[in-house]
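One structure is given below, encoded as structure tokens.
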Amino acid sequence: MSCCKVELNSGMLIKRDPHTGALYKACGHCSDANGTEHVFHRYPAQFGKTPARVTAANPDGHQSYCKDCRRLSKGVPSNVYKSGVLCSNLART
Ligand SMILES: [Zn+2]
Ligand SMILES: [Zn+2]
């Protein structure tokens, strides 16, 4: 693990831009495509929330994949991970 100690395909990681304070969340699929570092997108704008996903482990019902990744067919790698923000550029919340 090169960036932090969280599993690379975790979609539960939320961080903050140290300059603007904006929230970002890791996309498990984009991080997978990067291969070494978590890839983040603006949260909730690039993810959305759905009440159908609310569970004890996911009380906010947030999506683990960004909107663009959720549109992909199964097995197709992320094509938006290069537009994301890398883990090392963000601060822990
Ligand atoms: Zn990380
Ligand atoms: Zn993604």
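Naming scheme: A, B, ... for chains in displayed order of the structure tokens; residues 1 onward per chain; ligands 1 onward as shown.
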| request: Quick one: pick out all strand (DSSP E or B) residues within chain A from a backbone DSSP run and write them as a ChimeraX atom specification. | output: /A:14-16,23-26,39-42,49,62,85-86,91-92
| task | Select the residues contacting ligand 1 at a distance of at most 6 Å, based on only C-alpha atoms and all ligand atoms, then format the selection as a list in words. | result |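 Listed by chain and ascending number, the contacts are Cys3, Cys4, Glu37, His38 and Cys87 of chain A.
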| message | My list of candidates is A:Thr93, A:Gln46, A:Asn79, A:Ser64. Which is closest to A:Cys27 when distances are computed with only C-alpha atoms? | response |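 Nearest candidate to A:Cys27 out of A:Thr93, A:Gln46, A:Asn79, A:Ser64: A:Ser64.
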Name the residues, by chain letter and number, that sit within 6 Å of ligand 2 using only C-alpha atoms and all ligand atoms, and give them as a compact mmCIF listing (two decimals) with N, CA and C atoms, in the first residue's frame.
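And here's pocket_16.txt as it stands now:
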# COMPACT_ATOMS: atom_id res chain seq x y z
N CYS A 27 -13.03 6.35 -5.04
CA CYS A 27 -13.79 5.41 -5.86
C CYS A 27 -12.99 4.13 -5.96
N HIS A 29 -13.25 1.63 -7.88
CA HIS A 29 -12.96 1.20 -9.24
C HIS A 29 -11.87 2.06 -9.87
N CYS A 30 -11.91 3.37 -9.63
CA CYS A 30 -10.85 4.27 -10.14
C CYS A 30 -9.52 3.94 -9.47
N TYR A 65 -18.70 3.33 -5.88
CA TYR A 65 -18.13 3.71 -7.17
C TYR A 65 -18.67 5.07 -7.59
N CYS A 66 -17.85 5.86 -8.27
CA CYS A 66 -18.31 7.15 -8.78
C CYS A 66 -19.32 6.92 -9.91
N ASP A 68 -19.39 7.74 -12.97
CA ASP A 68 -18.87 7.28 -14.26
C ASP A 68 -18.56 5.78 -14.24
N CYS A 69 -18.00 5.31 -13.12
CA CYS A 69 -17.69 3.89 -13.03
C CYS A 69 -18.96 3.04 -12.97
N SER A 78 -11.93 1.51 -15.14
CA SER A 78 -12.29 2.93 -15.08
C SER A 78 -11.59 3.71 -16.18
| task | Give me every alpha helix (DSSP H) residue in chain A, going by DSSP on the backbone, as a count of residues only. | result | 11
| Do you know which residues are at most 12 Å from A:His19 counting only C-alpha atoms, after dropping those on the same chain fewer than 4 positions away, and could you put them as a ChimeraX atom specification? | /A:23,89-91
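Relative to atom CA of A:Ser10, atom CA of A:Ala26 is found at 7.3 Å.
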| field | Shortest interatomic distance to A:Ala45 - which of A:Arg92, A:Ala22, A:Gly75, A:Leu8, counting only C-alpha atoms | value |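 Looking only at the distances to A:Ala45, the closest residue turns out to be A:Ala22.
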